[in-house]
Structure formats: structure tokens, C-alpha cells
$ cat final-v9.cif   # mmCIF, C-alpha atoms and all ligand atoms
data_work
#
loop_
_atom_site.label_atom_id
_atom_site.label_comp_id
_atom_site.auth_asym_id
_atom_site.auth_seq_id
_atom_site.Cartn_x
_atom_site.Cartn_y
_atom_site.Cartn_z
CA MET A 1 -87.80 226.49 38.53
CA ARG A 2 -85.31 226.73 35.67
CA ARG A 3 -86.39 223.28 34.55
CA ALA A 4 -90.09 224.13 34.80
CA GLY A 5 -89.42 227.31 32.83
CA LYS A 6 -87.78 225.37 30.01
CA VAL A 7 -90.83 223.11 29.75
CA VAL A 8 -93.10 226.17 29.48
CA ALA A 9 -90.87 227.61 26.74
CA GLU A 10 -91.16 224.32 24.89
CA MET A 11 -94.98 224.42 25.22
CA HIS A 12 -94.89 227.90 23.71
CA ALA A 13 -92.78 226.73 20.77
CA ALA A 14 -95.03 223.71 20.14
CA THR A 15 -98.25 225.74 20.14
CA ARG A 16 -96.80 228.66 18.17
CA GLU A 17 -95.62 226.31 15.45
CA ILE A 18 -99.07 224.88 14.68
CA ALA A 19 -101.24 227.97 15.33
CA LYS A 20 -102.48 228.75 11.83
CA PRO A 21 -105.79 229.55 10.12
CA GLY A 22 -108.16 226.57 10.32
CA VAL A 23 -106.65 225.12 13.50
CA LEU A 24 -108.80 224.63 16.62
CA THR A 25 -107.51 225.98 19.93
CA ALA A 26 -108.13 222.44 21.27
CA GLU A 27 -105.34 221.25 18.95
CA LEU A 28 -102.95 223.73 20.56
CA ASP A 29 -103.92 222.40 23.98
CA ALA A 30 -103.17 218.86 22.75
CA ALA A 31 -99.72 219.94 21.51
CA ALA A 32 -98.95 221.50 24.91
CA ARG A 33 -100.13 218.34 26.69
CA GLU A 34 -97.73 216.31 24.56
CA VAL A 35 -94.80 218.48 25.71
CA LEU A 36 -95.79 217.98 29.37
CA ARG A 37 -96.03 214.22 28.81
CA ARG A 38 -92.66 214.04 27.05
CA ARG A 39 -90.93 216.03 29.81
CA GLY A 40 -92.65 214.25 32.70
CA ALA A 41 -94.01 217.60 33.92
CA LYS A 42 -97.42 218.41 35.38
CA SER A 43 -99.82 221.16 34.41
CA ASN A 44 -100.62 223.92 36.89
CA PHE A 45 -103.51 225.10 34.68
CA LEU A 46 -105.44 221.85 34.31
CA ASN A 47 -108.10 221.57 37.06
CA TYR A 48 -107.08 224.93 38.54
CA ARG A 49 -110.48 225.84 40.07
CA GLY A 50 -111.84 223.38 37.51
CA PHE A 51 -110.12 224.82 34.41
CA PRO A 52 -110.31 222.16 31.66
CA GLY A 53 -107.12 222.89 29.66
CA VAL A 54 -103.34 222.98 30.06
CA ILE A 55 -103.28 226.27 28.12
CA CYS A 56 -105.46 229.35 28.07
CA ALA A 57 -106.20 230.35 24.47
CA SER A 58 -107.60 233.88 24.18
CA PRO A 59 -108.27 235.28 20.69
CA ASN A 60 -108.69 238.94 19.68
CA ASP A 61 -110.66 240.94 22.29
CA MET A 62 -110.28 238.12 24.80
CA VAL A 63 -107.74 239.23 27.39
CA VAL A 64 -107.00 236.06 29.36
CA HIS A 65 -108.35 232.69 30.56
CA GLY A 66 -109.91 231.53 27.27
CA ILE A 67 -110.84 227.83 27.37
CA PRO A 68 -109.21 225.88 24.51
CA GLY A 69 -111.84 224.16 22.42
CA GLU A 70 -113.79 224.48 19.21
CA TYR A 71 -112.68 228.02 18.30
CA VAL A 72 -111.21 227.92 14.77
CA LEU A 73 -108.30 230.31 14.19
CA ARG A 74 -108.79 232.70 11.29
CA GLU A 75 -106.41 234.74 9.17
CA GLY A 76 -106.05 238.15 10.84
CA ASP A 77 -106.73 236.94 14.40
CA ILE A 78 -104.40 237.53 17.27
CA LEU A 79 -104.14 234.76 19.84
CA SER A 80 -102.80 234.85 23.39
CA ILE A 81 -101.51 231.56 24.77
CA ASP A 82 -100.78 231.29 28.48
CA CYS A 83 -99.53 228.08 30.05
CA GLY A 84 -97.44 226.67 32.84
CA ALA A 85 -95.67 223.57 34.09
CA ILE A 86 -94.67 221.98 37.41
CA VAL A 87 -91.36 220.10 37.72
CA GLU A 88 -90.65 218.44 41.08
CA GLY A 89 -93.10 220.78 42.79
CA TYR A 90 -91.77 224.02 41.28
CA HIS A 91 -93.81 226.16 38.90
CA GLY A 92 -93.24 228.07 35.68
CA ASP A 93 -95.80 230.36 34.01
CA ALA A 94 -95.55 232.36 30.78
CA ALA A 95 -97.68 233.79 27.98
CA PHE A 96 -97.33 235.30 24.53
CA THR A 97 -99.59 236.78 21.89
CA MET A 98 -99.13 236.03 18.18
CA ALA A 99 -100.67 237.07 14.90
CA ILE A 100 -102.44 234.39 12.87
CA GLY A 101 -101.39 235.18 9.32
CA ALA A 102 -101.31 238.81 8.25
CA VAL A 103 -102.63 241.52 10.58
CA PRO A 104 -102.79 245.32 10.23
CA ALA A 105 -99.74 247.34 11.32
CA SER A 106 -101.73 248.80 14.23
CA THR A 107 -102.28 245.25 15.54
CA SER A 108 -98.61 244.29 15.19
CA ARG A 109 -97.79 247.42 17.12
CA LEU A 110 -100.05 246.38 20.03
CA LEU A 111 -98.16 243.08 20.25
CA GLU A 112 -94.73 244.74 19.99
CA VAL A 113 -95.54 247.38 22.61
CA THR A 114 -96.98 244.85 25.06
CA GLU A 115 -93.88 242.66 24.79
CA LYS A 116 -91.68 245.74 25.14
CA SER A 117 -93.61 246.73 28.30
CA LEU A 118 -92.92 243.26 29.73
CA TRP A 119 -89.17 243.68 29.17
CA ALA A 120 -89.27 247.16 30.70
CA GLY A 121 -90.90 245.62 33.78
CA ILE A 122 -88.39 242.76 33.89
CA ALA A 123 -85.48 245.24 33.91
CA GLU A 124 -86.76 246.56 37.27
CA LEU A 125 -86.35 243.17 38.99
CA ARG A 126 -83.07 243.94 40.75
CA PRO A 127 -82.12 243.45 44.42
CA GLY A 128 -82.81 246.61 46.42
CA ASN A 129 -85.35 247.98 43.95
CA ARG A 130 -89.04 248.21 44.93
CA LEU A 131 -91.52 245.78 43.37
CA HIS A 132 -94.01 248.35 42.09
CA GLU A 133 -91.34 249.90 39.86
CA VAL A 134 -92.19 246.95 37.62
CA GLY A 135 -95.74 248.16 37.13
CA ARG A 136 -94.65 251.73 36.69
CA ALA A 137 -92.28 250.71 33.88
CA VAL A 138 -94.93 248.55 32.17
CA GLN A 139 -97.53 251.30 32.37
CA ASN A 140 -95.14 253.95 31.03
CA VAL A 141 -94.37 251.92 27.90
CA ALA A 142 -97.98 250.92 27.21
CA GLU A 143 -99.51 254.34 27.78
CA ALA A 144 -96.78 256.21 25.88
CA ALA A 145 -97.90 254.17 22.85
CA GLY A 146 -101.54 255.17 23.36
CA PHE A 147 -102.66 251.84 24.82
CA SER A 148 -104.12 251.03 28.25
CA VAL A 149 -103.14 248.62 31.00
CA ILE A 150 -105.65 246.32 32.67
CA ARG A 151 -106.14 246.78 36.41
CA GLU A 152 -108.30 243.79 37.37
CA TYR A 153 -105.68 241.13 36.57
CA VAL A 154 -102.06 241.27 37.67
CA GLY A 155 -98.82 239.30 37.90
CA HIS A 156 -97.71 237.41 40.96
CA ALA A 157 -94.91 235.81 42.89
CA ILE A 158 -94.41 232.15 41.97
CA GLY A 159 -92.61 229.17 43.49
CA THR A 160 -94.10 225.99 44.93
CA ALA A 161 -97.50 227.40 43.96
CA MET A 162 -98.36 229.21 40.73
CA HIS A 163 -99.94 232.21 42.41
CA GLU A 164 -98.07 233.41 45.48
CA GLU A 165 -98.08 236.73 47.29
CA PRO A 166 -97.31 239.49 46.59
CA GLN A 167 -99.17 240.47 43.46
CA VAL A 168 -97.34 242.34 40.70
CA PRO A 169 -99.54 245.13 39.28
CA ASN A 170 -98.93 246.32 35.73
CA TYR A 171 -99.46 249.93 36.83
CA TRP A 172 -98.28 252.20 39.60
CA PRO A 173 -100.62 251.38 42.51
CA GLY A 174 -99.64 254.41 44.61
CA THR A 175 -97.05 252.72 46.81
CA ALA A 176 -93.55 251.43 46.09
CA GLY A 177 -94.18 247.90 47.36
CA PRO A 178 -91.76 245.42 48.95
CA VAL A 179 -87.99 245.64 48.55
CA LEU A 180 -86.70 243.05 46.09
CA LYS A 181 -84.20 240.45 47.28
CA SER A 182 -82.07 237.96 45.42
CA GLY A 183 -83.91 234.62 45.17
CA MET A 184 -87.41 236.05 44.81
CA VAL A 185 -89.26 234.86 41.69
CA PHE A 186 -92.12 236.65 39.95
CA ALA A 187 -94.43 236.17 36.99
CA VAL A 188 -94.68 239.56 35.29
CA GLU A 189 -97.58 239.64 32.83
CA PRO A 190 -98.78 242.86 31.23
CA MET A 191 -102.26 242.72 29.66
CA VAL A 192 -102.55 245.69 27.32
CA ASN A 193 -105.66 246.88 25.50
CA ALA A 194 -105.77 248.84 22.25
CA GLY A 195 -108.79 250.72 23.67
CA ALA A 196 -110.03 251.38 27.19
CA PRO A 197 -108.75 249.29 30.12
CA GLY A 198 -112.11 247.83 31.26
CA THR A 199 -112.81 244.09 31.19
CA ARG A 200 -115.88 241.84 31.32
CA LEU A 201 -116.26 238.17 32.30
CA LEU A 202 -118.19 235.96 29.86
CA ASP A 203 -120.92 233.51 30.92
CA ASP A 204 -118.52 230.53 30.82
CA GLY A 205 -117.09 231.94 34.06
CA TRP A 206 -113.54 232.05 32.66
CA SER A 207 -113.15 234.11 29.49
CA VAL A 208 -112.20 237.72 30.19
CA VAL A 209 -112.83 240.13 27.29
CA THR A 210 -112.32 243.86 26.82
CA GLN A 211 -115.43 245.87 27.68
CA ASP A 212 -115.16 247.95 24.51
CA GLY A 213 -114.38 245.05 22.17
CA SER A 214 -110.88 246.36 21.41
CA LEU A 215 -107.97 243.96 20.90
CA SER A 216 -105.89 242.88 23.88
CA ALA A 217 -102.38 241.41 24.12
CA HIS A 218 -100.69 239.47 26.93
CA PHE A 219 -97.02 238.64 27.44
CA GLU A 220 -95.59 236.94 30.52
CA HIS A 221 -92.34 235.48 31.81
CA THR A 222 -91.26 233.90 35.08
CA ILE A 223 -88.20 235.78 36.33
CA ALA A 224 -85.80 235.26 39.24
CA VAL A 225 -84.23 238.23 41.01
CA THR A 226 -80.51 237.52 41.25
CA ASP A 227 -77.41 239.44 42.31
CA ASP A 228 -76.51 239.57 38.62
CA GLY A 229 -79.90 241.04 37.66
CA PRO A 230 -83.12 239.48 36.42
CA GLU A 231 -82.89 235.88 35.18
CA VAL A 232 -85.76 235.00 32.85
CA LEU A 233 -86.57 231.34 33.49
CA THR A 234 -89.16 230.82 30.74
CA LEU A 235 -86.95 231.54 27.74
CA PRO A 236 -86.07 228.62 25.43
MG MG A 301 -99.69 232.80 32.90
MG MG A 302 -99.27 234.26 35.66
#

$ encode --input "final-v9.cif" --output "C-alpha cells" --more "lines below"
Ligand code: MG
Ligand code: MG
Amino acid sequence: MRRAGKVVAEMHAATREIAKPGVLTAELDAAAREVLRRRGAKSNFLNYRGFPGVICASPNDMVVHGIPGEYVLREGDILSIDCGAIVEGYHGDAAFTMAIGAVPASTSRLLEVTEKSLWAGIAELRPGNRLHEVGRAVQNVAEAAGFSVIREYVGHAIGTAMHEEPQVPNYWPGTAGPVLKSGMVFAVEPMVNAGAPGTRLLDDGWSVVTQDGSLSAHFEHTIAVTDDGPEVLTLP
């Protein structure tokens, strides 16, 4: 899983580097495919329930699951890229949101707070702690900043499949959840809206957008619970 995580980090670097005004999201998908090819890794996104890309590319008010294609990035956009890799049967999964050129300070703040909420959640991944403390920590950071946390989409355990049980909510679901043990691995992935938390599915059957049209950010890492604390596997 460490090796898969490194490949995902490399896909992030490759897409981040070329994501500029005038670039198609299909070009970012191609760059991510090249990393997979070079590393001999497989995609866990491609053909997942028929998904056509190795990355999800979700601009602006699109929360997650955007299909890479003919969308042309523009100055002032934000773009979420989510992707994963399989190495010898083990999965990695991570996402980030970036600004395309200059964006207003309020937009930068949404990105900073969402990433901060991810790290607050990660800090809860310690043996003996309860899983839903992750969501509580994420929610506290996001809501303290005046943003909202999406309920319909959540993080997940990950291993020999991308999406394993249990789920990892980004909010306090009313129960503490399972006790964490060393060796468990989770994908923690806050999706934070500038406006209200509601979402809507577009007609393509994939793209999830905010109901109120407000901007949305998404950050994700794959993290192992270890006796020494959380080990983030999808860092470069
Ligand atoms: Mg992901
Ligand atoms: Mg995930």
C-alpha cells in the first residue's frame, strides 16, 4: 500500500504541474495514465462501474466524480483531482483541490480550510481511538470556518479493494464507531462546500455538484493506523 500510495502522489504531481488555463481535463487524465504506465500500476478508477477515466476532474461547484474530457480550465477556476492506483493488488486513493491561476482570497480560504480539516481528521487515526472522531474533527474545522460538510459522500476503509467497510463520515454521525487498531487503513476525504451542504447528480450519472452552485473543495489521503500514529501513504 505504501508503493501504491507513492504512485498516487506521483499522479497528483504530474496533473498539478500541467493544470493551467487553456488545458483540457482530458490532458490531465493522459498525464496520470502515463504515470501508471511508467510505474507498472493499474487504475482503480478506470472502468469502476464504467467510469471512463483514471482521474476524476471536478471544477468549481462540482464536488466529486467529474469525468475528464473537453472541459477547458480557465483562470480563476478551482479544480479537484481525485485518483488512485493498484500495485500488486493493493490500493491507494487520494485527492486535492487547486486554484487555476489567481482566485479570490475567500476561495483560497475554502481550499486551505478543507485541507486543514483533512489533517485534523488524520490526527484522530490512532490505535484505541474511535473511528467517528475523524468525522467530528473534520466537521469542527470546516464549520468553525463557516463552511459546510457534505453528508452524501464519505471516506472509506481501503486495502485489496478501493472501497471497503467501514465508511468514514466527515461529520459526527451520532455514534463513536469502531475502535481503531494498528494495521487498519482508511481513505479520509472531506468534501467541503462554501455554501449549503446539499448535492445534486448531473445527467451524465457521475458528476456531483453543489445544490446551491457554491464552490466545493475535496482533499483525501490514504492513511495507515500504526502504533506510532497515523502514517500517510499518499504523500510524495
Ligand atoms: Mg479518491
Ligand atoms: Mg476515496

$ closest_residue --input "final-v9.cif" --among "A:His156, A:Arg33, A:Lys42, A:Lys181" --to "ligand MG 301 (chain A)" --atoms "only C-alpha atoms and all ligand atoms"
A:His156

$ residues_around --input "final-v9.cif" --residues "A:Ile158" --least-positions-apart "4" --cutoff "12 Å" --atoms "all atoms listed in the file" --output "short mmCIF file (atom, residue, chain, number, x, y, z; two decimals) with C-alpha atoms, keeping the file's coordinate frame"
data_model
loop_
_atom_site.label_atom_id
_atom_site.label_comp_id
_atom_site.auth_asym_id
_atom_site.auth_seq_id
_atom_site.Cartn_x
_atom_site.Cartn_y
_atom_site.Cartn_z
CA MET A 1 -87.80 226.49 38.53
CA ALA A 4 -90.09 224.13 34.80
CA GLY A 5 -89.42 227.31 32.83
CA ASN A 44 -100.62 223.92 36.89
CA GLY A 84 -97.44 226.67 32.84
CA ALA A 85 -95.67 223.57 34.09
CA ILE A 86 -94.67 221.98 37.41
CA GLY A 89 -93.10 220.78 42.79
CA TYR A 90 -91.77 224.02 41.28
CA HIS A 91 -93.81 226.16 38.90
CA GLY A 92 -93.24 228.07 35.68
CA ASP A 93 -95.80 230.36 34.01
CA ALA A 94 -95.55 232.36 30.78
CA MET A 162 -98.36 229.21 40.73
CA HIS A 163 -99.94 232.21 42.41
CA GLU A 164 -98.07 233.41 45.48
CA GLU A 165 -98.08 236.73 47.29
CA PRO A 166 -97.31 239.49 46.59
CA GLN A 167 -99.17 240.47 43.46
CA VAL A 168 -97.34 242.34 40.70
CA GLY A 183 -83.91 234.62 45.17
CA MET A 184 -87.41 236.05 44.81
CA VAL A 185 -89.26 234.86 41.69
CA PHE A 186 -92.12 236.65 39.95
CA ALA A 187 -94.43 236.17 36.99
CA VAL A 188 -94.68 239.56 35.29
CA HIS A 221 -92.34 235.48 31.81
CA THR A 222 -91.26 233.90 35.08
CA ILE A 223 -88.20 235.78 36.33
CA ALA A 224 -85.80 235.26 39.24
CA VAL A 225 -84.23 238.23 41.01
CA LEU A 233 -86.57 231.34 33.49
#

$ atom_distance --input "final-v9.cif" --atom1 "atom CA of A:Leu28" --atom2 "atom CA of A:Pro52"
13.4 Å

$ atom_distance --input "final-v9.cif" --atom1 "atom CA of A:Asp212" --atom2 "atom CA of A:Ala137"
24.9 Å

$ residues_around --input "final-v9.cif" --residues "A:Leu110" --least-positions-apart "4" --cutoff "7 Å" --atoms "all atoms listed in the file" --output "list in words"
Ser106, Thr114, Ala194 and Ala217 of chain A

$ atom_distance --input "final-v9.cif" --atom1 "atom CA of A:Met11" --atom2 "atom CA of A:Ala32"
4.9 Å

$ residues_around --input "final-v9.cif" --residues "A:His132" --least-positions-apart "2" --cutoff "8 Å" --atoms "only C-alpha atoms" --output "PyMOL selection string"
chain A and resi 130+134-136+168-169+171-173+175-178

$ closest_residue --input "final-v9.cif" --among "A:Trp206, A:Trp119, A:Phe96, A:Phe51" --to "ligand MG 301 (chain A)" --atoms "all atoms listed in the file"
A:Phe96

$ axis_aligned_box --input "final-v9.cif" --around "stretch 102-119 of chain A" --padding-each-side "6 Å" --output "AutoDock Vina command-line options"
--center_x -96.0 --center_y 243.8 --center_z 19.0 --size_x 25.6 --size_y 22.0 --size_z 33.5

$ closest_residue --input "final-v9.cif" --among "A:Ala95, A:Leu180, A:Ala26, A:Leu131" --to "A:Pro68" --atoms "all atoms listed in the file"
A:Ala26

$ closest_residue --input "final-v9.cif" --among "A:Arg109, A:Gly146, A:Cys83, A:Ala99" --to "ligand MG 302 (chain A)" --atoms "all atoms listed in the file"
A:Cys83

$ closest_residue --input "final-v9.cif" --among "A:Thr234, A:Asn60, A:Thr226, A:Thr210" --to "A:Ile100" --atoms "all atoms listed in the file"
A:Asn60

$ closest_residue --input "final-v9.cif" --among "A:Leu79, A:Val8, A:Ala144, A:Val23" --to "A:Thr107" --atoms "all atoms listed in the file"
A:Leu79

$ residues_near_point --input "final-v9.cif" --point "(-111.8, 244.7, 36.9)" --cutoff "10 Å" --atoms "only C-alpha atoms" --output "PyMOL selection string"
chain A and resi 150-153+197-201+208+211

$ residues_around --input "final-v9.cif" --residues "A:Thr15" --least-positions-apart "3" --cutoff "10 Å" --atoms "all atoms listed in the file" --output "list in words"
Glu10, Met11, His12, Ile18, Ala19, Lys20, Thr25, Glu27, Leu28, Asp29, Ala30, Ala31, Ala32, Val35, Ile55 and Ile81 of chain A

$ residues_around --input "final-v9.cif" --residues "A:Ser58" --least-positions-apart "6" --cutoff "8 Å" --atoms "only C-alpha atoms" --output "list in words"
Val64, His65, Gly66, Ile67, Leu79, Ser80, Ile81 and Ser207 of chain A

$ build_atoms --input "final-v9.cif" --residues "stretch 165-187 of chain A" --atoms "N, CA, C and O atoms" --output "PDB file, in the frame of the given file"
ATOM      1  N   GLU A 165     -98.130 235.309  46.953  1.00  0.00           N
ATOM      2  CA  GLU A 165     -98.080 236.730  47.290  1.00  0.00           C
ATOM      3  C   GLU A 165     -96.625 237.193  47.232  1.00  0.00           C
ATOM      4  O   GLU A 165     -95.730 236.402  47.517  1.00  0.00           O
ATOM      5  N   PRO A 166     -96.341 238.440  46.911  1.00  0.00           N
ATOM      6  CA  PRO A 166     -97.310 239.490  46.590  1.00  0.00           C
ATOM      7  C   PRO A 166     -97.698 239.494  45.112  1.00  0.00           C
ATOM      8  O   PRO A 166     -97.056 238.852  44.292  1.00  0.00           O
ATOM      9  N   GLN A 167     -98.776 240.227  44.835  1.00  0.00           N
ATOM     10  CA  GLN A 167     -99.170 240.470  43.460  1.00  0.00           C
ATOM     11  C   GLN A 167     -98.213 241.456  42.803  1.00  0.00           C
ATOM     12  O   GLN A 167     -97.526 242.214  43.479  1.00  0.00           O
ATOM     13  N   VAL A 168     -98.191 241.435  41.470  1.00  0.00           N
ATOM     14  CA  VAL A 168     -97.340 242.340  40.700  1.00  0.00           C
ATOM     15  C   VAL A 168     -98.222 243.143  39.740  1.00  0.00           C
ATOM     16  O   VAL A 168     -98.508 242.691  38.625  1.00  0.00           O
ATOM     17  N   PRO A 169     -98.677 244.325  40.161  1.00  0.00           N
ATOM     18  CA  PRO A 169     -99.540 245.130  39.280  1.00  0.00           C
ATOM     19  C   PRO A 169     -98.774 245.589  38.042  1.00  0.00           C
ATOM     20  O   PRO A 169     -97.549 245.744  38.084  1.00  0.00           O
ATOM     21  N   ASN A 170     -99.515 245.800  36.967  1.00  0.00           N
ATOM     22  CA  ASN A 170     -98.930 246.320  35.730  1.00  0.00           C
ATOM     23  C   ASN A 170     -99.096 247.832  35.621  1.00  0.00           C
ATOM     24  O   ASN A 170     -99.085 248.387  34.526  1.00  0.00           O
ATOM     25  N   TYR A 171     -99.274 248.477  36.762  1.00  0.00           N
ATOM     26  CA  TYR A 171     -99.460 249.930  36.830  1.00  0.00           C
ATOM     27  C   TYR A 171     -98.916 250.378  38.179  1.00  0.00           C
ATOM     28  O   TYR A 171     -98.658 249.550  39.069  1.00  0.00           O
ATOM     29  N   TRP A 172     -98.749 251.664  38.322  1.00  0.00           N
ATOM     30  CA  TRP A 172     -98.280 252.200  39.600  1.00  0.00           C
ATOM     31  C   TRP A 172     -99.452 252.250  40.559  1.00  0.00           C
ATOM     32  O   TRP A 172    -100.401 253.004  40.340  1.00  0.00           O
ATOM     33  N   PRO A 173     -99.435 251.451  41.639  1.00  0.00           N
ATOM     34  CA  PRO A 173    -100.620 251.380  42.510  1.00  0.00           C
ATOM     35  C   PRO A 173    -100.621 252.440  43.608  1.00  0.00           C
ATOM     36  O   PRO A 173    -101.502 252.419  44.467  1.00  0.00           O
ATOM     37  N   GLY A 174     -99.637 253.340  43.613  1.00  0.00           N
ATOM     38  CA  GLY A 174     -99.640 254.410  44.610  1.00  0.00           C
ATOM     39  C   GLY A 174     -98.659 254.197  45.738  1.00  0.00           C
ATOM     40  O   GLY A 174     -98.448 255.098  46.548  1.00  0.00           O
ATOM     41  N   THR A 175     -98.084 253.009  45.812  1.00  0.00           N
ATOM     42  CA  THR A 175     -97.050 252.720  46.810  1.00  0.00           C
ATOM     43  C   THR A 175     -95.911 251.991  46.115  1.00  0.00           C
ATOM     44  O   THR A 175     -96.109 251.397  45.054  1.00  0.00           O
ATOM     45  N   ALA A 176     -94.729 252.008  46.751  1.00  0.00           N
ATOM     46  CA  ALA A 176     -93.550 251.430  46.090  1.00  0.00           C
ATOM     47  C   ALA A 176     -93.495 249.908  46.201  1.00  0.00           C
ATOM     48  O   ALA A 176     -92.841 249.246  45.420  1.00  0.00           O
ATOM     49  N   GLY A 177     -94.176 249.352  47.206  1.00  0.00           N
ATOM     50  CA  GLY A 177     -94.180 247.900  47.360  1.00  0.00           C
ATOM     51  C   GLY A 177     -92.944 247.376  48.050  1.00  0.00           C
ATOM     52  O   GLY A 177     -92.054 248.132  48.442  1.00  0.00           O
ATOM     53  N   PRO A 178     -92.870 246.030  48.210  1.00  0.00           N
ATOM     54  CA  PRO A 178     -91.760 245.420  48.950  1.00  0.00           C
ATOM     55  C   PRO A 178     -90.406 245.625  48.263  1.00  0.00           C
ATOM     56  O   PRO A 178     -90.331 245.818  47.050  1.00  0.00           O
ATOM     57  N   VAL A 179     -89.360 245.575  49.076  1.00  0.00           N
ATOM     58  CA  VAL A 179     -87.990 245.640  48.550  1.00  0.00           C
ATOM     59  C   VAL A 179     -87.625 244.277  47.967  1.00  0.00           C
ATOM     60  O   VAL A 179     -87.864 243.239  48.579  1.00  0.00           O
ATOM     61  N   LEU A 180     -87.055 244.295  46.777  1.00  0.00           N
ATOM     62  CA  LEU A 180     -86.700 243.050  46.090  1.00  0.00           C
ATOM     63  C   LEU A 180     -85.401 242.475  46.659  1.00  0.00           C
ATOM     64  O   LEU A 180     -84.458 243.223  46.960  1.00  0.00           O
ATOM     65  N   LYS A 181     -85.394 241.145  46.781  1.00  0.00           N
ATOM     66  CA  LYS A 181     -84.200 240.450  47.280  1.00  0.00           C
ATOM     67  C   LYS A 181     -83.836 239.335  46.303  1.00  0.00           C
ATOM     68  O   LYS A 181     -84.710 238.737  45.667  1.00  0.00           O
ATOM     69  N   SER A 182     -82.554 239.059  46.242  1.00  0.00           N
ATOM     70  CA  SER A 182     -82.070 237.960  45.420  1.00  0.00           C
ATOM     71  C   SER A 182     -82.755 236.665  45.851  1.00  0.00           C
ATOM     72  O   SER A 182     -82.883 236.395  47.040  1.00  0.00           O
ATOM     73  N   GLY A 183     -83.223 235.877  44.876  1.00  0.00           N
ATOM     74  CA  GLY A 183     -83.910 234.620  45.170  1.00  0.00           C
ATOM     75  C   GLY A 183     -85.415 234.687  45.042  1.00  0.00           C
ATOM     76  O   GLY A 183     -86.076 233.663  44.941  1.00  0.00           O
ATOM     77  N   MET A 184     -85.967 235.906  45.051  1.00  0.00           N
ATOM     78  CA  MET A 184     -87.410 236.050  44.810  1.00  0.00           C
ATOM     79  C   MET A 184     -87.702 235.746  43.333  1.00  0.00           C
ATOM     80  O   MET A 184     -86.876 236.032  42.465  1.00  0.00           O
ATOM     81  N   VAL A 185     -88.870 235.160  43.081  1.00  0.00           N
ATOM     82  CA  VAL A 185     -89.260 234.860  41.690  1.00  0.00           C
ATOM     83  C   VAL A 185     -90.672 235.372  41.437  1.00  0.00           C
ATOM     84  O   VAL A 185     -91.580 235.168  42.254  1.00  0.00           O
ATOM     85  N   PHE A 186     -90.832 236.038  40.301  1.00  0.00           N
ATOM     86  CA  PHE A 186     -92.120 236.650  39.950  1.00  0.00           C
ATOM     87  C   PHE A 186     -92.539 236.277  38.538  1.00  0.00           C
ATOM     88  O   PHE A 186     -91.693 236.081  37.656  1.00  0.00           O
ATOM     89  N   ALA A 187     -93.854 236.221  38.337  1.00  0.00           N
ATOM     90  CA  ALA A 187     -94.430 236.170  36.990  1.00  0.00           C
ATOM     91  C   ALA A 187     -94.934 237.573  36.673  1.00  0.00           C
ATOM     92  O   ALA A 187     -95.873 238.053  37.317  1.00  0.00           O
TER      93      ALA A 187
END
